[in-house]
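Novice: This one is work.cif, mmCIF, C-alpha atoms.
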```cif
data_entry
#
loop_
_atom_site.label_atom_id
_atom_site.label_comp_id
_atom_site.auth_asym_id
_atom_site.auth_seq_id
_atom_site.Cartn_x
_atom_site.Cartn_y
_atom_site.Cartn_z
CA MET A 1 -67.80 187.66 -4.45
CA SER A 2 -68.29 191.41 -4.78
CA GLU A 3 -71.34 192.79 -6.58
CA ILE A 4 -69.35 195.87 -7.59
CA ALA A 5 -67.65 195.88 -10.99
CA HIS A 6 -64.17 197.10 -10.05
CA GLN A 7 -62.37 199.05 -12.74
CA ASP A 8 -59.29 197.52 -14.33
CA HIS A 9 -56.20 199.04 -12.80
CA VAL A 10 -52.46 198.39 -12.45
CA GLU A 11 -50.12 200.11 -10.06
CA LYS A 12 -46.70 199.21 -8.74
CA LYS A 13 -44.20 200.63 -6.31
CA ALA A 14 -40.71 199.79 -5.08
CA PHE A 15 -39.83 199.70 -1.39
CA LEU A 16 -36.59 199.31 0.52
CA VAL A 17 -36.28 195.83 1.99
CA ASN A 18 -36.53 196.55 5.70
CA SER A 19 -39.14 196.40 8.42
CA SER A 20 -39.62 200.17 8.39
CA SER A 21 -41.01 199.89 4.86
CA LEU A 22 -43.92 197.69 5.92
CA LYS A 23 -46.00 200.70 6.93
CA ASP A 24 -45.36 202.25 3.49
CA VAL A 25 -46.41 198.98 1.83
CA ARG A 26 -49.68 199.04 3.77
CA ASN A 27 -50.33 202.68 2.92
CA PHE A 28 -49.68 202.02 -0.78
CA CYS A 29 -52.15 199.11 -0.73
CA ARG A 30 -54.78 201.16 1.09
CA GLU A 31 -54.50 203.93 -1.51
CA VAL A 32 -54.86 201.51 -4.42
CA PHE A 33 -57.78 199.65 -2.82
CA GLU A 34 -59.46 203.00 -2.17
CA LYS A 35 -59.26 203.73 -5.90
CA LEU A 36 -60.64 200.28 -6.65
CA GLN A 37 -63.52 200.89 -4.21
CA ILE A 38 -62.89 197.64 -2.37
CA GLN A 39 -65.13 197.35 0.66
CA GLU A 40 -63.62 198.08 4.04
CA ASP A 41 -63.55 194.59 5.59
CA LEU A 42 -62.01 192.98 2.54
CA LYS A 43 -59.55 195.86 2.21
CA ASP A 44 -58.25 195.25 5.75
CA GLU A 45 -57.79 191.55 5.05
CA LEU A 46 -55.98 192.18 1.76
CA VAL A 47 -53.70 194.75 3.36
CA LEU A 48 -52.83 192.20 6.06
CA ALA A 49 -52.07 189.45 3.51
CA ILE A 50 -49.87 191.77 1.43
CA ALA A 51 -48.03 193.12 4.47
CA GLU A 52 -47.40 189.56 5.68
CA ALA A 53 -45.94 188.61 2.29
CA ALA A 54 -43.72 191.70 2.34
CA GLN A 55 -42.68 190.83 5.88
CA ASN A 56 -41.71 187.33 4.71
CA ILE A 57 -39.40 188.91 2.11
CA VAL A 58 -37.68 191.03 4.78
CA LYS A 59 -37.52 188.22 7.32
CA HIS A 60 -36.91 185.10 5.24
CA ALA A 61 -35.67 186.02 1.75
CA PHE A 62 -33.22 188.52 3.26
CA LYS A 63 -32.97 187.15 6.84
CA ASN A 64 -33.49 190.69 8.20
CA ASN A 65 -30.19 191.64 6.64
CA ALA A 66 -30.74 193.27 3.26
CA ASN A 67 -28.32 195.83 1.82
CA ALA A 68 -29.40 199.36 2.61
CA ASN A 69 -30.53 200.08 -0.96
CA GLU A 70 -32.06 196.67 -1.76
CA LEU A 71 -35.54 196.93 -3.23
CA MET A 72 -38.67 194.83 -3.41
CA VAL A 73 -41.51 195.67 -5.80
CA VAL A 74 -45.22 195.27 -5.13
CA GLN A 75 -47.58 195.37 -8.10
CA ILE A 76 -51.35 195.40 -7.66
CA SER A 77 -53.50 194.74 -10.69
CA CYS A 78 -57.20 194.27 -11.12
CA GLU A 79 -58.66 192.83 -14.29
CA ASN A 80 -62.21 191.58 -14.73
CA ASN A 81 -62.72 191.74 -10.96
CA LYS A 82 -59.73 189.49 -10.34
CA LEU A 83 -57.14 191.01 -8.07
CA GLN A 84 -53.53 189.99 -8.50
CA ILE A 85 -50.69 191.11 -6.25
CA ALA A 86 -47.17 190.39 -7.43
CA PHE A 87 -44.00 190.66 -5.34
CA TYR A 88 -40.51 190.77 -6.79
CA ASP A 89 -37.31 190.55 -4.80
CA ARG A 90 -33.65 189.54 -5.15
CA GLY A 91 -33.28 187.62 -1.90
CA THR A 92 -32.46 183.98 -1.28
CA PRO A 93 -34.43 181.81 -3.73
CA VAL A 94 -37.60 180.55 -2.09
CA ASP A 95 -38.36 176.84 -2.19
CA PRO A 96 -42.19 176.79 -2.44
CA LYS A 97 -42.29 173.31 -0.88
CA LYS A 98 -40.84 174.74 2.32
CA VAL A 99 -43.34 177.59 2.54
CA LYS A 100 -46.07 176.39 4.85
CA HIS A 101 -47.65 177.53 8.05
CA ARG A 102 -46.91 175.58 11.18
CA GLU A 103 -49.20 172.95 12.65
CA ILE A 104 -52.21 174.28 14.47
CA ASP A 105 -51.45 172.41 17.69
CA ASN A 106 -47.91 173.78 17.75
CA VAL A 107 -48.48 176.77 20.01
CA LYS A 108 -45.37 178.76 19.22
CA PRO A 109 -45.09 182.24 17.79
CA GLY A 110 -44.10 182.52 14.13
CA GLY A 111 -45.50 181.00 10.96
CA LEU A 112 -48.78 182.83 11.39
CA GLY A 113 -48.15 185.19 8.51
CA THR A 114 -48.23 182.41 5.93
CA PHE A 115 -51.40 181.08 7.54
CA PHE A 116 -53.06 184.52 7.23
CA ILE A 117 -52.04 184.81 3.57
CA GLN A 118 -53.49 181.40 2.77
CA GLU A 119 -56.69 182.13 4.69
CA ILE A 120 -57.30 185.46 2.95
CA MET A 121 -56.21 184.84 -0.64
CA ASP A 122 -57.65 182.40 -3.19
CA ALA A 123 -54.25 181.39 -4.53
CA VAL A 124 -50.58 181.77 -3.59
CA GLU A 125 -48.09 180.95 -6.30
CA PHE A 126 -44.34 181.23 -6.65
CA LYS A 127 -43.30 181.82 -10.26
CA ASP A 128 -39.86 181.88 -11.84
CA GLY A 129 -38.28 185.23 -11.13
CA LYS A 130 -37.15 186.89 -14.34
CA LYS A 131 -33.95 188.94 -14.23
CA PRO A 132 -33.11 191.06 -12.33
CA TRP A 133 -35.48 189.42 -9.87
CA ILE A 134 -34.97 186.11 -8.08
CA ASN A 135 -38.31 185.58 -6.37
CA HIS A 136 -41.72 186.32 -7.88
CA LEU A 137 -44.71 185.63 -5.65
CA VAL A 138 -48.26 186.10 -6.92
CA LEU A 139 -51.33 186.30 -4.70
CA THR A 140 -54.77 186.29 -6.30
CA LYS A 141 -58.29 186.96 -5.12
CA GLN A 142 -61.56 187.04 -7.01
CA LEU A 143 -63.41 190.21 -5.98
CA MET B 1 -46.64 202.30 18.37
CA THR B 2 -46.77 204.04 21.72
CA TYR B 3 -47.71 202.64 25.10
CA LYS B 4 -48.61 203.61 28.63
CA VAL B 5 -48.44 201.37 31.70
CA GLU B 6 -51.00 201.84 34.46
CA GLU B 7 -50.23 200.33 37.88
CA ILE B 8 -52.96 199.12 40.24
CA ASP B 9 -51.53 197.04 43.09
CA ASN B 10 -49.95 193.98 41.39
CA LYS B 11 -51.89 194.62 38.20
CA ARG B 12 -50.22 196.28 35.20
CA ILE B 13 -52.53 197.56 32.48
CA ILE B 14 -50.58 198.21 29.28
CA HIS B 15 -52.36 200.56 26.89
CA LEU B 16 -50.99 200.05 23.39
CA ASP B 17 -51.62 202.59 20.66
CA GLY B 18 -51.13 202.71 16.88
CA GLU B 19 -49.97 199.99 14.51
CA ILE B 20 -48.17 196.86 15.71
CA ASP B 21 -46.08 195.17 13.06
CA MET B 22 -42.67 193.53 12.73
CA ASP B 23 -40.99 196.93 13.00
CA VAL B 24 -42.27 197.57 16.52
CA SER B 25 -43.05 194.08 17.84
CA ASP B 26 -39.76 193.94 19.79
CA LYS B 27 -40.75 197.14 21.54
CA ALA B 28 -44.09 195.56 22.51
CA ARG B 29 -42.35 192.34 23.58
CA ASN B 30 -39.78 194.21 25.69
CA THR B 31 -42.58 196.14 27.37
CA ILE B 32 -44.85 193.20 28.19
CA LEU B 33 -42.63 190.21 28.94
CA PRO B 34 -40.55 191.76 31.78
CA LEU B 35 -43.75 192.66 33.63
CA ILE B 36 -44.98 189.07 33.39
CA GLU B 37 -41.51 187.83 34.32
CA ALA B 38 -41.68 190.01 37.44
CA GLY B 39 -44.88 188.23 38.48
CA HIS B 40 -47.38 190.97 37.68
CA GLU B 41 -50.93 190.34 36.51
CA VAL B 42 -50.85 191.89 33.02
CA HIS B 43 -53.82 193.30 31.14
CA ILE B 44 -53.32 194.55 27.57
CA ASN B 45 -55.70 197.29 26.45
CA LEU B 46 -55.90 197.15 22.66
CA SER B 47 -58.71 199.66 22.13
CA LYS B 48 -56.41 202.12 20.31
CA VAL B 49 -54.52 199.63 18.19
CA GLU B 50 -55.44 200.29 14.56
CA TYR B 51 -53.52 197.43 12.99
CA MET B 52 -51.85 194.26 14.18
CA ASP B 53 -50.12 191.60 12.09
CA SER B 54 -48.68 188.16 12.87
CA SER B 55 -45.72 189.74 14.69
CA GLY B 56 -48.07 191.35 17.18
CA ILE B 57 -50.08 188.16 17.59
CA SER B 58 -46.82 186.30 18.23
CA VAL B 59 -46.04 188.69 21.09
CA LEU B 60 -49.46 187.95 22.59
CA ILE B 61 -48.86 184.18 22.25
CA GLU B 62 -45.44 184.49 23.91
CA SER B 63 -46.95 186.59 26.68
CA LYS B 64 -49.72 184.08 27.30
CA LYS B 65 -47.25 181.20 27.42
CA LEU B 66 -44.94 183.03 29.82
CA SER B 67 -47.86 183.92 32.10
CA GLU B 68 -48.84 180.24 32.20
CA GLN B 69 -45.28 179.32 33.17
CA LYS B 70 -45.21 182.02 35.83
CA ASN B 71 -48.70 181.20 37.03
CA THR B 72 -49.85 184.78 36.60
CA LYS B 73 -52.89 186.25 34.92
CA PHE B 74 -52.64 187.61 31.36
CA GLN B 75 -55.68 189.16 29.75
CA LEU B 76 -56.66 191.18 26.70
CA VAL B 77 -59.15 193.97 27.37
CA GLU B 78 -61.04 196.37 25.10
CA VAL B 79 -59.91 194.90 21.81
CA SER B 80 -60.35 197.20 18.79
CA LYS B 81 -62.28 195.96 15.76
CA PRO B 82 -59.21 195.60 13.47
CA VAL B 83 -57.39 193.57 16.12
CA GLU B 84 -60.48 191.47 16.86
CA LYS B 85 -60.60 190.48 13.19
CA VAL B 86 -56.98 189.35 13.20
CA LEU B 87 -57.45 187.55 16.51
CA ALA B 88 -60.48 185.75 15.08
CA MET B 89 -58.33 184.44 12.25
CA ALA B 90 -55.55 183.46 14.66
CA ARG B 91 -57.90 182.03 17.31
CA LYS B 92 -57.04 178.44 16.57
CA PHE B 93 -53.45 179.28 17.52
CA LEU B 94 -54.33 181.03 20.78
#
```
The structure in this file should be written as structure tokens.
Specialist:
Amino acid sequence: MSEIAHQDHVEKKAFLVNSSSLKDVRNFCREVFEKLQIQEDLKDELVLAIAEAAQNIVKHAFKNNANANELMVVQISCENNKLQIAFYDRGTPVDPKKVKHREIDNVKPGGLGTFFIQEIMDAVEFKDGKKPWINHLVLTKQL
Amino acid sequence: MTYKVEEIDNKRIIHLDGEIDMDVSDKARNTILPLIEAGHEVHINLSKVEYMDSSGISVLIESKKLSEQKNTKFQLVEVSKPVEKVLAMARKFL
């Protein structure tokens, strides 16, 4: 756990659902974590986890085939040193039971992103998406 | 992501640069795999890669598997700190 008391903060941004947006998602996260004064190593890990979750939206919720103006929203909030990252999208409903990384001895590409998210974050939770959203994923990490 | 391929005899040293994510992983894949397929010994220099996600790691896994099938050498050289951290997390898959 961090010894720094991070200030409470909420920030959110919408991104087009496509692979070109992933760089923008990372840059948004880096800016917010800079404001929160999160230390460099942890910042890199958090950016990776968030980018992997955003990638899963593009790749799985929309099967790489979202409408040109389809949006996903990323909200980063910090309260009492607890970081919460929420994702909202209108893709195919996610069945949380089917979201798991592949077996370690299965040496095939793919499925690593979910493994990274689970390794880095304290909790990964799919909540009911409230209209107009369909999927609402929440990642949390105690700072 | 940009890249440069250096040729030394049968060895191909691929210098990757920038950020490797889902958006550019096909470009990386299409650069590396044909060289392995052609029977070259492939070395990937990752010293200038600032960011790599699971898509990039997947390309490395595919490359390693193909090199094993082709009985050629595949090696990572000069790995940057950000990539080393991701590789450390993914090590159990490599």
Novice: List the neighbours of Leu66 in chain B out to 10 Å using only C-alpha atoms; skip same-chain residues closer than 4 positions along the sequence, and give me the result as number ranges by chain.
Specialist: B: 33-34, 36-37, 60-62, 70-74
Novice: Kindly export the residues of the current selection with C-alpha atoms, as a PDB file, keeping the file's coordinate frame.
Specialist:
```pdb
ATOM      1  CA  LEU B  33     -42.630 190.210  28.940  1.00  0.00           C
ATOM      2  CA  PRO B  34     -40.550 191.760  31.780  1.00  0.00           C
ATOM      3  CA  ILE B  36     -44.980 189.070  33.390  1.00  0.00           C
ATOM      4  CA  GLU B  37     -41.510 187.830  34.320  1.00  0.00           C
ATOM      5  CA  LEU B  60     -49.460 187.950  22.590  1.00  0.00           C
ATOM      6  CA  ILE B  61     -48.860 184.180  22.250  1.00  0.00           C
ATOM      7  CA  GLU B  62     -45.440 184.490  23.910  1.00  0.00           C
ATOM      8  CA  LYS B  70     -45.210 182.020  35.830  1.00  0.00           C
ATOM      9  CA  ASN B  71     -48.700 181.200  37.030  1.00  0.00           C
ATOM     10  CA  THR B  72     -49.850 184.780  36.600  1.00  0.00           C
ATOM     11  CA  LYS B  73     -52.890 186.250  34.920  1.00  0.00           C
ATOM     12  CA  PHE B  74     -52.640 187.610  31.360  1.00  0.00           C
TER      13      PHE B  74
END
```
Novice: Nearest to Leu139 in chain A: which of A:Phe116, A:Ala86, A:Val94, A:Glu31 is it, counting only C-alpha atoms?
Specialist: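 Smallest distance to Leu139 in chain A is found for A:Ala86.
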Novice: Please determine the contact residues of chain A with respect to chain B at a cut-off of 12 Å, counting only C-alpha atoms, and supply them as number ranges by chain.
Specialist: A: 18-27, 40-56, 58-59, 64, 101-120
Novice: With C-alpha atoms retained, export the selected residues as a PDB file, keeping the file's coordinate frame.
Specialist:
```pdb
ATOM      1  CA  ASN A  18     -36.530 196.550   5.700  1.00  0.00           C
ATOM      2  CA  SER A  19     -39.140 196.400   8.420  1.00  0.00           C
ATOM      3  CA  SER A  20     -39.620 200.170   8.390  1.00  0.00           C
ATOM      4  CA  SER A  21     -41.010 199.890   4.860  1.00  0.00           C
ATOM      5  CA  LEU A  22     -43.920 197.690   5.920  1.00  0.00           C
ATOM      6  CA  LYS A  23     -46.000 200.700   6.930  1.00  0.00           C
ATOM      7  CA  ASP A  24     -45.360 202.250   3.490  1.00  0.00           C
ATOM      8  CA  VAL A  25     -46.410 198.980   1.830  1.00  0.00           C
ATOM      9  CA  ARG A  26     -49.680 199.040   3.770  1.00  0.00           C
ATOM     10  CA  ASN A  27     -50.330 202.680   2.920  1.00  0.00           C
ATOM     11  CA  GLU A  40     -63.620 198.080   4.040  1.00  0.00           C
ATOM     12  CA  ASP A  41     -63.550 194.590   5.590  1.00  0.00           C
ATOM     13  CA  LEU A  42     -62.010 192.980   2.540  1.00  0.00           C
ATOM     14  CA  LYS A  43     -59.550 195.860   2.210  1.00  0.00           C
ATOM     15  CA  ASP A  44     -58.250 195.250   5.750  1.00  0.00           C
ATOM     16  CA  GLU A  45     -57.790 191.550   5.050  1.00  0.00           C
ATOM     17  CA  LEU A  46     -55.980 192.180   1.760  1.00  0.00           C
ATOM     18  CA  VAL A  47     -53.700 194.750   3.360  1.00  0.00           C
ATOM     19  CA  LEU A  48     -52.830 192.200   6.060  1.00  0.00           C
ATOM     20  CA  ALA A  49     -52.070 189.450   3.510  1.00  0.00           C
ATOM     21  CA  ILE A  50     -49.870 191.770   1.430  1.00  0.00           C
ATOM     22  CA  ALA A  51     -48.030 193.120   4.470  1.00  0.00           C
ATOM     23  CA  GLU A  52     -47.400 189.560   5.680  1.00  0.00           C
ATOM     24  CA  ALA A  53     -45.940 188.610   2.290  1.00  0.00           C
ATOM     25  CA  ALA A  54     -43.720 191.700   2.340  1.00  0.00           C
ATOM     26  CA  GLN A  55     -42.680 190.830   5.880  1.00  0.00           C
ATOM     27  CA  ASN A  56     -41.710 187.330   4.710  1.00  0.00           C
ATOM     28  CA  VAL A  58     -37.680 191.030   4.780  1.00  0.00           C
ATOM     29  CA  LYS A  59     -37.520 188.220   7.320  1.00  0.00           C
ATOM     30  CA  ASN A  64     -33.490 190.690   8.200  1.00  0.00           C
ATOM     31  CA  HIS A 101     -47.650 177.530   8.050  1.00  0.00           C
ATOM     32  CA  ARG A 102     -46.910 175.580  11.180  1.00  0.00           C
ATOM     33  CA  GLU A 103     -49.200 172.950  12.650  1.00  0.00           C
ATOM     34  CA  ILE A 104     -52.210 174.280  14.470  1.00  0.00           C
ATOM     35  CA  ASP A 105     -51.450 172.410  17.690  1.00  0.00           C
ATOM     36  CA  ASN A 106     -47.910 173.780  17.750  1.00  0.00           C
ATOM     37  CA  VAL A 107     -48.480 176.770  20.010  1.00  0.00           C
ATOM     38  CA  LYS A 108     -45.370 178.760  19.220  1.00  0.00           C
ATOM     39  CA  PRO A 109     -45.090 182.240  17.790  1.00  0.00           C
ATOM     40  CA  GLY A 110     -44.100 182.520  14.130  1.00  0.00           C
ATOM     41  CA  GLY A 111     -45.500 181.000  10.960  1.00  0.00           C
ATOM     42  CA  LEU A 112     -48.780 182.830  11.390  1.00  0.00           C
ATOM     43  CA  GLY A 113     -48.150 185.190   8.510  1.00  0.00           C
ATOM     44  CA  THR A 114     -48.230 182.410   5.930  1.00  0.00           C
ATOM     45  CA  PHE A 115     -51.400 181.080   7.540  1.00  0.00           C
ATOM     46  CA  PHE A 116     -53.060 184.520   7.230  1.00  0.00           C
ATOM     47  CA  ILE A 117     -52.040 184.810   3.570  1.00  0.00           C
ATOM     48  CA  GLN A 118     -53.490 181.400   2.770  1.00  0.00           C
ATOM     49  CA  GLU A 119     -56.690 182.130   4.690  1.00  0.00           C
ATOM     50  CA  ILE A 120     -57.300 185.460   2.950  1.00  0.00           C
TER      51      ILE A 120
END
```
Novice: Can you tell me, as an mmCIF file with C-alpha atoms, keeping the file's coordinate frame, what residues are no more than 10 Å from Lys12 in chain A when counting all atoms listed in the file, ignoring any on the same chain fewer than 4 positions away?
Specialist:
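Listed below is the output, part-v8.cif:
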```cif
data_model
loop_
_atom_site.group_PDB
_atom_site.id
_atom_site.type_symbol
_atom_site.label_atom_id
_atom_site.label_comp_id
_atom_site.auth_asym_id
_atom_site.auth_seq_id
_atom_site.Cartn_x
_atom_site.Cartn_y
_atom_site.Cartn_z
ATOM 1 C CA PHE A 28 -49.680 202.020 -0.780
ATOM 2 C CA CYS A 29 -52.150 199.110 -0.730
ATOM 3 C CA VAL A 32 -54.860 201.510 -4.420
ATOM 4 C CA VAL A 73 -41.510 195.670 -5.800
ATOM 5 C CA VAL A 74 -45.220 195.270 -5.130
ATOM 6 C CA GLN A 75 -47.580 195.370 -8.100
ATOM 7 C CA ILE A 76 -51.350 195.400 -7.660
ATOM 8 C CA SER A 77 -53.500 194.740 -10.690
ATOM 9 C CA ILE A 85 -50.690 191.110 -6.250
ATOM 10 C CA ALA A 86 -47.170 190.390 -7.430
ATOM 11 C CA PHE A 87 -44.000 190.660 -5.340
#
```
Novice: Evaluate the PyMOL selection byres ((chain B and resi 75-77) around 12) on the structure here and hand back the selected residues as an MDAnalysis selection string.
Specialist: chainID B and resid 11:16 32 36 40:49 57 60:61 63:65 67:68 72:74 78:80 83:84 87 94
Novice: Gln39 in chain A: which residues within 10 Å, counting all atoms listed in the file, same-chain residues fewer than 5 positions away excluded, as a PyMOL selection string?
Specialist: chain A and resi 2+4+33-34+44+143
Novice: When you get a chance, write out N, CA and C atoms for range 16-39 of chain A, as a tab-separated table (two decimals), in the frame of the given file.
Specialist:
```
chain	number	residue	atom	x	y	z
A	16	LEU	N	-37.82	199.85	-0.06
A	16	LEU	CA	-36.59	199.31	0.52
A	16	LEU	C	-36.93	198.05	1.31
A	17	VAL	N	-36.03	197.07	1.25
A	17	VAL	CA	-36.28	195.83	1.99
A	17	VAL	C	-35.86	196.00	3.44
A	18	ASN	N	-36.75	196.51	4.24
A	18	ASN	CA	-36.53	196.55	5.70
A	18	ASN	C	-37.87	196.70	6.40
A	19	SER	N	-37.86	196.44	7.69
A	19	SER	CA	-39.14	196.40	8.42
A	19	SER	C	-39.80	197.77	8.49
A	20	SER	N	-39.02	198.83	8.36
A	20	SER	CA	-39.62	200.17	8.39
A	20	SER	C	-40.48	200.44	7.16
A	21	SER	N	-40.24	199.68	6.09
A	21	SER	CA	-41.01	199.89	4.86
A	21	SER	C	-42.41	199.27	4.93
A	22	LEU	N	-42.64	198.42	5.91
A	22	LEU	CA	-43.92	197.69	5.92
A	22	LEU	C	-45.11	198.63	6.05
A	23	LYS	N	-44.93	199.71	6.80
A	23	LYS	CA	-46.00	200.70	6.93
A	23	LYS	C	-46.27	201.36	5.57
A	24	ASP	N	-45.20	201.64	4.82
A	24	ASP	CA	-45.36	202.25	3.49
A	24	ASP	C	-46.07	201.27	2.54
A	25	VAL	N	-45.73	199.99	2.66
A	25	VAL	CA	-46.41	198.98	1.83
A	25	VAL	C	-47.91	199.00	2.13
A	26	ARG	N	-48.25	199.04	3.39
A	26	ARG	CA	-49.68	199.04	3.77
A	26	ARG	C	-50.37	200.29	3.25
A	27	ASN	N	-49.71	201.43	3.38
A	27	ASN	CA	-50.33	202.68	2.92
A	27	ASN	C	-50.53	202.67	1.41
A	28	PHE	N	-49.55	202.13	0.68
A	28	PHE	CA	-49.68	202.02	-0.78
A	28	PHE	C	-50.89	201.16	-1.13
A	29	CYS	N	-51.02	200.02	-0.46
A	29	CYS	CA	-52.15	199.11	-0.73
A	29	CYS	C	-53.47	199.80	-0.42
A	30	ARG	N	-53.52	200.48	0.70
A	30	ARG	CA	-54.78	201.16	1.09
A	30	ARG	C	-55.18	202.18	0.04
A	31	GLU	N	-54.20	202.92	-0.48
A	31	GLU	CA	-54.50	203.93	-1.51
A	31	GLU	C	-55.05	203.27	-2.77
A	32	VAL	N	-54.41	202.18	-3.19
A	32	VAL	CA	-54.86	201.51	-4.42
A	32	VAL	C	-56.25	200.91	-4.21
A	33	PHE	N	-56.48	200.28	-3.07
A	33	PHE	CA	-57.78	199.65	-2.82
A	33	PHE	C	-58.89	200.70	-2.68
A	34	GLU	N	-58.51	201.88	-2.23
A	34	GLU	CA	-59.46	203.00	-2.17
A	34	GLU	C	-59.92	203.35	-3.59
A	35	LYS	N	-58.94	203.43	-4.49
A	35	LYS	CA	-59.26	203.73	-5.90
A	35	LYS	C	-60.14	202.65	-6.51
A	36	LEU	N	-59.88	201.41	-6.10
A	36	LEU	CA	-60.64	200.28	-6.65
A	36	LEU	C	-62.01	200.11	-5.96
A	37	GLN	N	-62.25	200.94	-4.96
A	37	GLN	CA	-63.52	200.89	-4.21
A	37	GLN	C	-63.79	199.51	-3.60
A	38	ILE	N	-62.74	198.94	-3.05
A	38	ILE	CA	-62.89	197.64	-2.37
A	38	ILE	C	-63.46	197.90	-0.99
A	39	GLN	N	-64.45	197.10	-0.62
A	39	GLN	CA	-65.13	197.35	0.66
A	39	GLN	C	-64.20	197.16	1.86
```
